[in-house]
Amino acid sequence: MRFRYPHAVIPLLSSSSSSNFFTMNTQTLFYSIPFSNLKKPLFPQTHRFQPKRGIFTVFCAKRSSKYPPPPLKTNGYHGASTANVPRPVHLEENNVEMQFAILKKKLEIVGIETGICVPGQYNHLLCPKCQGGDTVEKSLSIYIPPDGGSAAWVCFRGKCGWKGSTQAFAGSSSSYSTAMNQLIPAKKKRQLNEEDLQLEPLCNELVAYFSERLISNETLQRNGVMQRKYDDQIVIAFTYRRDRALISCKYRDINKNFWQEANTEKIFYGLDDIVGESDVIIVEGEMDKLAMEEAGFRNCVSVPDGAPPSVSSKEVPPEEKDAKYQYLWNCKDELKQASRIIIATDGDAPGQALAEELARRIGKEKCWRVRWPKKGKSDDCKDANEVLMYLGPDALKEAIENAELYPIRGLFNFRDYFDEIDAYYHQTLGYDTGLPSGWNNLNGLYNVVPGELTIVTGVPNSGKSEWIDALLCNLNQSAGWKFALCSMENKVREHARKLLEKHMKKPFFNSRYAEDVKRMSLEEYEQGKVWLSDTFYLIRCEDDALPNIKWVLDLAKAAVLRYGVRGLVIDPYNELDHQRSPNQTETEYVSQMLTMIKRFAQHHGCHVWFVAHPRQLQNWNGGAPNLYDISGSAHFINKCDNGIVIHRNRDPEAGPIDQVKVCVRKVRNKVAGTIGEATLSYNRITGEYYEDDRQ
């Protein structure tokens, strides 16, 4: 569809969302140099915006693919090498030509044609990087000082921005500084008025275009939306004002290209509308600002430069260096008056990145965010104008009124976890009250809950490791769990034998310990090997160094993510490397270590069994130790979720010597168990444990 304007036929502007604006870089505003031999701009002092690099730096930011790379790389950027040319002790005046000749050769290496270059002047050339774009404009500005000893250049095309510098000889700092200073122009803000910009009221066709997007003529007039002639078409002009004075102007053409007046102050669009307001709404585009007014919200502003592709991984720079978001700092007085900032940027990834960047600078504690409603069965509206067009002003008003507190990392409300709590209540998470141990007389005391830490202790040769192995076999049989084993006291072959005997319920060898029980067959052994391979993953340090807890947890994380491991065994504590800083006590170290283990368990939903030996007991009478006897720190009992003591009877007069007591000394989660003791019988031939009803 097309509409007519006097003396021109203009295609109708697309009705798609304004969020498709080109991303604009505020740094571009401040550094444009008029070239006498450039193509005449379509508007006086108007700078077309396309994505562009930052301001000029001293090294090449990117080389042209048309030319080979220069011979030297410096600080990650490339430029012509200065390393192979020795610097003369004295440079006579008649040697300037020789110095300039060397410089020209280096410029030619990076693709810069130097035929018309003259020292002491700006030289405007065709950029080897972008080749001047579609218009083949000579957008590369290069300055060479009078001595011909250095050069600095920058391409001022919005889509290019190639820049760099080089020197004829290493160390010619004064010449180099001169070139750099000459290229960086002074920042001077322009004073604008509507007459000089040739702004006009909107024609009927553009008013109709906005009407199709449900923006009224009254809203357009109040927000100073105008138009301007641009060759054979008309462009929309969004006027940026402070105290009603024209500060800047942003244009949009039929292809949804955006650009702004160069060398103007960066401010919000609609800034006057938020003066003195307690609630301020920030949107991503001018069309969204207009849509907000149609829903009854005049206390709204739009950012001038669109959204970044992603959130920066760097810290927020200081105000004077925060070029991309300079409009925030320029409008900080107006924002300070507000007690609540409602961020209503687009719902796509760049829009959410913009929301995060704004909140980082404003302060998340005073920010709220908007979730856009669905426009169909599955698709969400992308921005305020889409909500207005598809669902109407009431839906847009409701979305703003239902804005949520902006999330602050580490600060939550219970409602943030209601989905998880609901699943816990309805017992749909899986193993909500713990996985049974496999022994009925122990199930009332101890059940295995994902994400918890169980400390297991007992005097040497009590069967701590054997009992844990039997427990793992039970969990695998009942729930199919897989496990990571960091068992440093066991040889791999011995550990495999113990696990296979428990699983196959037969001895590995026809040996004395097997008595008259026949060993597992070769077929059973091969089946057992498959089970071992599918169920257990070993964490072992193959060199002489002792592993530390971070190394173990990093490998356990890999096992969780790669193999779906649900349990981790670390056996025992004293086989790990426990080096600590001189000013850290053992108690502090143990506390820190156990915190790391618990965070791993909770984050990955992985149950951890940690075996810790008791310290040497004085005057031991043969009874079971307690958790406070563990060597190292009382934190073993303080920080664990479950504490278990394994104790084997050694006195035939006190009872059967195959009798093992599982003493549950601590259970943090009453849903999973309680304190008490269960007696098991140990089968020495197969390593299995059975319920023992003998008293």
# chains A, B, ... in the order shown; residues from 1 in each chain; ligands from 1
$ residues_around --residues "A:Asp272" --least-positions-apart "3" --cutoff "12 Å" --atoms "only C-alpha atoms" --output "JSON list (two decimals) with C-alpha atoms, in the first residue's frame"
[["chain", "number", "residue", "atom", "x", "y", "z"],
["A", 222, "ARG", "CA", 1.11, 16.19, 22.55],
["A", 223, "ASN", "CA", 4.33, 14.17, 22.10],
["A", 224, "GLY", "CA", 5.64, 16.38, 19.29],
["A", 239, "THR", "CA", 11.40, 15.18, 18.91],
["A", 240, "TYR", "CA", 13.34, 14.83, 22.17],
["A", 241, "ARG", "CA", 12.70, 17.73, 24.53],
["A", 242, "ARG", "CA", 13.63, 18.97, 27.98],
["A", 243, "ASP", "CA", 11.57, 21.80, 29.46],
["A", 244, "ARG", "CA", 9.89, 21.91, 26.03],
["A", 245, "ALA", "CA", 13.18, 22.89, 24.37],
["A", 246, "LEU", "CA", 14.26, 20.73, 21.42],
["A", 247, "ILE", "CA", 17.33, 18.72, 22.47],
["A", 267, "ILE", "CA", 18.05, 12.02, 26.92],
["A", 268, "PHE", "CA", 14.86, 9.97, 27.26],
["A", 269, "TYR", "CA", 12.04, 10.48, 24.79],
["A", 275, "VAL", "CA", 9.17, 15.25, 36.09],
["A", 276, "GLY", "CA", 7.87, 14.99, 39.66],
["A", 277, "GLU", "CA", 6.33, 11.53, 39.11],
["A", 280, "VAL", "CA", 8.13, 6.08, 36.03],
["A", 298, "ARG", "CA", 1.75, 9.61, 30.50],
["A", 299, "ASN", "CA", 4.48, 9.01, 33.10],
["A", 300, "CYS", "CA", 6.47, 7.03, 30.55],
["A", 301, "VAL", "CA", 9.75, 7.53, 28.69],
["A", 302, "SER", "CA", 11.53, 5.65, 25.92],
["A", 331, "CYS", "CA", 18.34, 12.24, 33.28],
["A", 333, "ASP", "CA", 17.75, 14.01, 38.52],
["A", 334, "GLU", "CA", 14.35, 13.17, 37.04],
["A", 335, "LEU", "CA", 14.75, 9.47, 37.89]]
$ residues_around --residues "stretch 344-347 of chain A" --least-positions-apart "3" --cutoff "6 Å" --atoms "only C-alpha atoms" --output "list in words"
Ile282, Val283, Glu284, Gly351, Val370, Lys382 and Asp383 of chain A
$ write_last_selection --atoms "N, CA, C and O atoms" --output "PDB file, in the first residue's frame"
ATOM      1  N   ILE A 282       9.601   2.864  31.868  1.00  0.00           N
ATOM      2  CA  ILE A 282      10.617   2.962  30.817  1.00  0.00           C
ATOM      3  C   ILE A 282      10.333   1.882  29.773  1.00  0.00           C
ATOM      4  O   ILE A 282      10.238   0.698  30.105  1.00  0.00           O
ATOM      5  N   VAL A 283      10.189   2.300  28.514  1.00  0.00           N
ATOM      6  CA  VAL A 283       9.954   1.367  27.413  1.00  0.00           C
ATOM      7  C   VAL A 283      11.114   1.441  26.433  1.00  0.00           C
ATOM      8  O   VAL A 283      12.011   2.277  26.561  1.00  0.00           O
ATOM      9  N   GLU A 284      11.065   0.577  25.419  1.00  0.00           N
ATOM     10  CA  GLU A 284      12.208   0.425  24.526  1.00  0.00           C
ATOM     11  C   GLU A 284      12.145   1.302  23.282  1.00  0.00           C
ATOM     12  O   GLU A 284      13.163   1.571  22.661  1.00  0.00           O
ATOM     13  N   GLY A 351      15.565  -7.136  24.510  1.00  0.00           N
ATOM     14  CA  GLY A 351      14.752  -6.324  25.418  1.00  0.00           C
ATOM     15  C   GLY A 351      14.999  -6.664  26.868  1.00  0.00           C
ATOM     16  O   GLY A 351      15.057  -5.783  27.731  1.00  0.00           O
ATOM     17  N   VAL A 370       7.708  -5.813  33.845  1.00  0.00           N
ATOM     18  CA  VAL A 370       6.403  -6.139  33.259  1.00  0.00           C
ATOM     19  C   VAL A 370       6.527  -7.423  32.455  1.00  0.00           C
ATOM     20  O   VAL A 370       7.498  -7.615  31.710  1.00  0.00           O
ATOM     21  N   LYS A 382       5.089  -8.861  22.238  1.00  0.00           N
ATOM     22  CA  LYS A 382       6.504  -8.514  22.361  1.00  0.00           C
ATOM     23  C   LYS A 382       6.732  -7.185  23.052  1.00  0.00           C
ATOM     24  O   LYS A 382       7.765  -6.979  23.690  1.00  0.00           O
ATOM     25  N   ASP A 383       5.787  -6.246  22.909  1.00  0.00           N
ATOM     26  CA  ASP A 383       6.001  -4.922  23.481  1.00  0.00           C
ATOM     27  C   ASP A 383       4.657  -4.258  23.749  1.00  0.00           C
ATOM     28  O   ASP A 383       3.587  -4.834  23.485  1.00  0.00           O
TER      29      ASP A 383
END
$ closest_residue --among "A:Tyr513, A:Phe536, A:Asn638, A:Glu194" --to "A:His495" --atoms "only C-alpha atoms"
A:Phe536
$ select_by_dssp --residues "stretch 462-651 of chain A" --states "strand (DSSP E or B)" --output "list in words"
Phe483, Ala484, Leu485, Cys486, Ser487, Phe536, Tyr537, Leu538, Gly567, Leu568, Val569, Ile570, Asp571, His607, Val608, Trp609, Phe610, Val611, Pro614, Ile630, Asn642, Gly643, Ile644, Val645, Ile646, His647 and Arg648 of chain A
$ residues_around --residues "A:Glu113" --least-positions-apart "3" --cutoff "9 Å" --atoms "only C-alpha atoms" --output "list in words"
Lys104, Leu107, Glu108, Ile116, Cys117, Leu125, Leu126 and Pro128 of chain A
$ closest_residue --among "A:Ser313, A:Ser278, A:Ser681, A:Thr585" --to "A:Gly463" --atoms "only C-alpha atoms"
A:Ser681
$ residues_around --residues "stretch 666-678 of chain A" --least-positions-apart "5" --cutoff "8 Å" --atoms "only C-alpha atoms" --output "JSON, numbers by chain"
{"A": [433, 434, 441, 442, 443, 444, 445, 446, 447, 448, 449, 637, 641, 642, 643, 644, 661]}
$ residues_around --residues "A:Ile142" --least-positions-apart "4" --cutoff "6 Å" --atoms "only C-alpha atoms" --output "mmCIF file with N, CA and C atoms, in the first residue's frame"
data_model
loop_
_atom_site.group_PDB
_atom_site.id
_atom_site.type_symbol
_atom_site.label_atom_id
_atom_site.label_comp_id
_atom_site.auth_asym_id
_atom_site.auth_seq_id
_atom_site.Cartn_x
_atom_site.Cartn_y
_atom_site.Cartn_z
ATOM 1 N N TYR A 122 44.661 16.258 7.062
ATOM 2 C CA TYR A 122 43.704 15.164 7.044
ATOM 3 C C TYR A 122 43.622 14.637 5.623
ATOM 4 N N ASN A 123 43.593 13.329 5.486
ATOM 5 C CA ASN A 123 43.461 12.711 4.175
ATOM 6 C C ASN A 123 42.237 11.808 4.209
ATOM 7 N N ALA A 152 47.309 7.924 12.239
ATOM 8 C CA ALA A 152 46.146 7.390 12.949
ATOM 9 C C ALA A 152 44.939 7.556 12.046
ATOM 10 N N TRP A 153 44.057 6.549 12.047
ATOM 11 C CA TRP A 153 42.926 6.599 11.131
ATOM 12 C C TRP A 153 41.664 6.059 11.784
#
$ decode --residues "stretch 471-602 of chain A" --atoms "C-alpha atoms" --output "PDB file, in the first residue's frame"
ATOM      1  CA  LEU A 471      22.987 -49.271  50.541  1.00  0.00           C
ATOM      2  CA  LEU A 472      23.948 -48.155  47.030  1.00  0.00           C
ATOM      3  CA  CYS A 473      23.067 -51.579  45.641  1.00  0.00           C
ATOM      4  CA  ASN A 474      19.652 -51.367  47.308  1.00  0.00           C
ATOM      5  CA  LEU A 475      18.999 -47.881  45.889  1.00  0.00           C
ATOM      6  CA  ASN A 476      20.018 -48.990  42.417  1.00  0.00           C
ATOM      7  CA  GLN A 477      17.743 -52.019  42.594  1.00  0.00           C
ATOM      8  CA  SER A 478      14.704 -50.083  43.848  1.00  0.00           C
ATOM      9  CA  ALA A 479      15.071 -46.771  41.970  1.00  0.00           C
ATOM     10  CA  GLY A 480      17.770 -47.250  39.324  1.00  0.00           C
ATOM     11  CA  TRP A 481      20.072 -44.640  40.854  1.00  0.00           C
ATOM     12  CA  LYS A 482      23.612 -44.196  39.543  1.00  0.00           C
ATOM     13  CA  PHE A 483      26.574 -43.179  41.678  1.00  0.00           C
ATOM     14  CA  ALA A 484      29.975 -41.488  41.584  1.00  0.00           C
ATOM     15  CA  LEU A 485      32.529 -43.161  43.852  1.00  0.00           C
ATOM     16  CA  CYS A 486      35.553 -41.365  45.265  1.00  0.00           C
ATOM     17  CA  SER A 487      36.789 -44.272  47.342  1.00  0.00           C
ATOM     18  CA  MET A 488      40.469 -43.726  47.938  1.00  0.00           C
ATOM     19  CA  GLU A 489      41.077 -46.602  50.371  1.00  0.00           C
ATOM     20  CA  ASN A 490      39.867 -49.231  47.887  1.00  0.00           C
ATOM     21  CA  LYS A 491      41.771 -50.636  44.962  1.00  0.00           C
ATOM     22  CA  VAL A 492      39.550 -50.600  41.897  1.00  0.00           C
ATOM     23  CA  ARG A 493      39.595 -54.389  41.497  1.00  0.00           C
ATOM     24  CA  GLU A 494      38.800 -54.959  45.189  1.00  0.00           C
ATOM     25  CA  HIS A 495      35.964 -52.471  45.120  1.00  0.00           C
ATOM     26  CA  ALA A 496      34.571 -54.104  41.972  1.00  0.00           C
ATOM     27  CA  ARG A 497      34.683 -57.509  43.704  1.00  0.00           C
ATOM     28  CA  LYS A 498      32.773 -56.240  46.744  1.00  0.00           C
ATOM     29  CA  LEU A 499      30.065 -54.616  44.641  1.00  0.00           C
ATOM     30  CA  LEU A 500      29.692 -57.626  42.344  1.00  0.00           C
ATOM     31  CA  GLU A 501      29.367 -60.017  45.300  1.00  0.00           C
ATOM     32  CA  LYS A 502      26.566 -57.917  46.768  1.00  0.00           C
ATOM     33  CA  HIS A 503      24.799 -57.620  43.439  1.00  0.00           C
ATOM     34  CA  MET A 504      25.140 -61.253  42.312  1.00  0.00           C
ATOM     35  CA  LYS A 505      24.760 -62.587  45.890  1.00  0.00           C
ATOM     36  CA  LYS A 506      27.648 -64.977  45.278  1.00  0.00           C
ATOM     37  CA  PRO A 507      31.350 -64.905  46.142  1.00  0.00           C
ATOM     38  CA  PHE A 508      33.837 -63.691  43.570  1.00  0.00           C
ATOM     39  CA  PHE A 509      36.333 -66.511  44.283  1.00  0.00           C
ATOM     40  CA  ASN A 510      36.274 -70.097  45.459  1.00  0.00           C
ATOM     41  CA  SER A 511      38.397 -69.100  48.404  1.00  0.00           C
ATOM     42  CA  ARG A 512      38.463 -69.747  52.136  1.00  0.00           C
ATOM     43  CA  TYR A 513      36.039 -66.890  52.868  1.00  0.00           C
ATOM     44  CA  ALA A 514      33.540 -68.454  50.384  1.00  0.00           C
ATOM     45  CA  GLU A 515      33.326 -71.654  52.441  1.00  0.00           C
ATOM     46  CA  ASP A 516      31.113 -74.084  50.484  1.00  0.00           C
ATOM     47  CA  VAL A 517      29.255 -71.435  48.421  1.00  0.00           C
ATOM     48  CA  LYS A 518      29.894 -71.710  44.705  1.00  0.00           C
ATOM     49  CA  ARG A 519      31.446 -68.632  43.108  1.00  0.00           C
ATOM     50  CA  MET A 520      29.599 -66.631  40.436  1.00  0.00           C
ATOM     51  CA  SER A 521      29.742 -68.143  36.972  1.00  0.00           C
ATOM     52  CA  LEU A 522      31.529 -66.547  34.051  1.00  0.00           C
ATOM     53  CA  GLU A 523      28.178 -65.607  32.550  1.00  0.00           C
ATOM     54  CA  GLU A 524      27.081 -64.024  35.832  1.00  0.00           C
ATOM     55  CA  TYR A 525      30.413 -62.232  36.063  1.00  0.00           C
ATOM     56  CA  GLU A 526      29.973 -60.768  32.557  1.00  0.00           C
ATOM     57  CA  GLN A 527      26.439 -59.645  33.458  1.00  0.00           C
ATOM     58  CA  GLY A 528      27.826 -58.075  36.602  1.00  0.00           C
ATOM     59  CA  LYS A 529      30.426 -56.155  34.608  1.00  0.00           C
ATOM     60  CA  VAL A 530      27.672 -54.583  32.520  1.00  0.00           C
ATOM     61  CA  TRP A 531      25.858 -53.602  35.719  1.00  0.00           C
ATOM     62  CA  LEU A 532      29.036 -52.104  37.180  1.00  0.00           C
ATOM     63  CA  SER A 533      29.639 -50.080  34.030  1.00  0.00           C
ATOM     64  CA  ASP A 534      26.071 -48.773  33.923  1.00  0.00           C
ATOM     65  CA  THR A 535      25.778 -47.931  37.628  1.00  0.00           C
ATOM     66  CA  PHE A 536      29.061 -46.582  38.972  1.00  0.00           C
ATOM     67  CA  TYR A 537      31.524 -43.889  37.861  1.00  0.00           C
ATOM     68  CA  LEU A 538      34.907 -43.627  39.535  1.00  0.00           C
ATOM     69  CA  ILE A 539      36.625 -40.440  40.682  1.00  0.00           C
ATOM     70  CA  ARG A 540      40.277 -41.277  41.101  1.00  0.00           C
ATOM     71  CA  CYS A 541      43.538 -39.363  41.167  1.00  0.00           C
ATOM     72  CA  GLU A 542      45.972 -41.373  39.064  1.00  0.00           C
ATOM     73  CA  ASP A 543      49.142 -39.522  40.108  1.00  0.00           C
ATOM     74  CA  ASP A 544      50.887 -39.142  43.460  1.00  0.00           C
ATOM     75  CA  ALA A 545      49.071 -35.934  44.391  1.00  0.00           C
ATOM     76  CA  LEU A 546      46.226 -36.035  46.886  1.00  0.00           C
ATOM     77  CA  PRO A 547      42.896 -34.757  45.499  1.00  0.00           C
ATOM     78  CA  ASN A 548      41.254 -31.789  47.199  1.00  0.00           C
ATOM     79  CA  ILE A 549      37.531 -31.368  47.724  1.00  0.00           C
ATOM     80  CA  LYS A 550      37.080 -28.881  44.873  1.00  0.00           C
ATOM     81  CA  TRP A 551      38.655 -31.331  42.415  1.00  0.00           C
ATOM     82  CA  VAL A 552      36.321 -34.085  43.613  1.00  0.00           C
ATOM     83  CA  LEU A 553      33.196 -31.905  43.387  1.00  0.00           C
ATOM     84  CA  ASP A 554      34.100 -30.633  39.915  1.00  0.00           C
ATOM     85  CA  LEU A 555      34.325 -34.214  38.635  1.00  0.00           C
ATOM     86  CA  ALA A 556      31.148 -35.152  40.494  1.00  0.00           C
ATOM     87  CA  LYS A 557      29.364 -32.282  38.770  1.00  0.00           C
ATOM     88  CA  ALA A 558      30.510 -33.634  35.417  1.00  0.00           C
ATOM     89  CA  ALA A 559      29.189 -37.086  36.389  1.00  0.00           C
ATOM     90  CA  VAL A 560      25.816 -35.610  37.345  1.00  0.00           C
ATOM     91  CA  LEU A 561      25.472 -33.687  34.098  1.00  0.00           C
ATOM     92  CA  ARG A 562      26.892 -36.357  31.797  1.00  0.00           C
ATOM     93  CA  TYR A 563      25.645 -39.613  33.337  1.00  0.00           C
ATOM     94  CA  GLY A 564      22.689 -38.635  35.527  1.00  0.00           C
ATOM     95  CA  VAL A 565      24.413 -39.601  38.780  1.00  0.00           C
ATOM     96  CA  ARG A 566      22.141 -39.228  41.848  1.00  0.00           C
ATOM     97  CA  GLY A 567      24.589 -40.079  44.635  1.00  0.00           C
ATOM     98  CA  LEU A 568      28.226 -39.308  45.519  1.00  0.00           C
ATOM     99  CA  VAL A 569      30.418 -41.224  47.979  1.00  0.00           C
ATOM    100  CA  ILE A 570      33.580 -39.594  49.386  1.00  0.00           C
ATOM    101  CA  ASP A 571      35.457 -42.190  51.415  1.00  0.00           C
ATOM    102  CA  PRO A 572      37.278 -41.198  53.576  1.00  0.00           C
ATOM    103  CA  TYR A 573      37.874 -37.596  54.700  1.00  0.00           C
ATOM    104  CA  ASN A 574      41.489 -38.135  55.773  1.00  0.00           C
ATOM    105  CA  GLU A 575      42.550 -39.233  52.251  1.00  0.00           C
ATOM    106  CA  LEU A 576      41.851 -35.772  50.807  1.00  0.00           C
ATOM    107  CA  ASP A 577      44.333 -32.929  50.557  1.00  0.00           C
ATOM    108  CA  HIS A 578      43.472 -30.495  53.343  1.00  0.00           C
ATOM    109  CA  GLN A 579      45.994 -27.731  52.816  1.00  0.00           C
ATOM    110  CA  ARG A 580      44.723 -24.451  54.178  1.00  0.00           C
ATOM    111  CA  SER A 581      46.013 -20.931  54.590  1.00  0.00           C
ATOM    112  CA  PRO A 582      48.169 -20.262  57.688  1.00  0.00           C
ATOM    113  CA  ASN A 583      45.569 -17.955  59.219  1.00  0.00           C
ATOM    114  CA  GLN A 584      42.719 -20.503  58.846  1.00  0.00           C
ATOM    115  CA  THR A 585      41.989 -22.948  61.657  1.00  0.00           C
ATOM    116  CA  GLU A 586      41.027 -26.560  61.022  1.00  0.00           C
ATOM    117  CA  THR A 587      37.537 -25.835  62.335  1.00  0.00           C
ATOM    118  CA  GLU A 588      37.137 -22.987  59.849  1.00  0.00           C
ATOM    119  CA  TYR A 589      38.446 -25.158  57.043  1.00  0.00           C
ATOM    120  CA  VAL A 590      36.073 -28.041  57.827  1.00  0.00           C
ATOM    121  CA  SER A 591      33.145 -25.629  57.980  1.00  0.00           C
ATOM    122  CA  GLN A 592      34.036 -24.187  54.581  1.00  0.00           C
ATOM    123  CA  MET A 593      34.544 -27.649  53.061  1.00  0.00           C
ATOM    124  CA  LEU A 594      31.208 -28.988  54.303  1.00  0.00           C
ATOM    125  CA  THR A 595      29.449 -25.868  53.018  1.00  0.00           C
ATOM    126  CA  MET A 596      30.880 -26.548  49.549  1.00  0.00           C
ATOM    127  CA  ILE A 597      29.650 -30.164  49.681  1.00  0.00           C
ATOM    128  CA  LYS A 598      26.150 -29.165  50.817  1.00  0.00           C
ATOM    129  CA  ARG A 599      25.838 -26.536  48.108  1.00  0.00           C
ATOM    130  CA  PHE A 600      26.875 -29.113  45.523  1.00  0.00           C
ATOM    131  CA  ALA A 601      24.301 -31.584  46.847  1.00  0.00           C
ATOM    132  CA  GLN A 602      21.456 -29.062  46.924  1.00  0.00           C
TER     133      GLN A 602
END
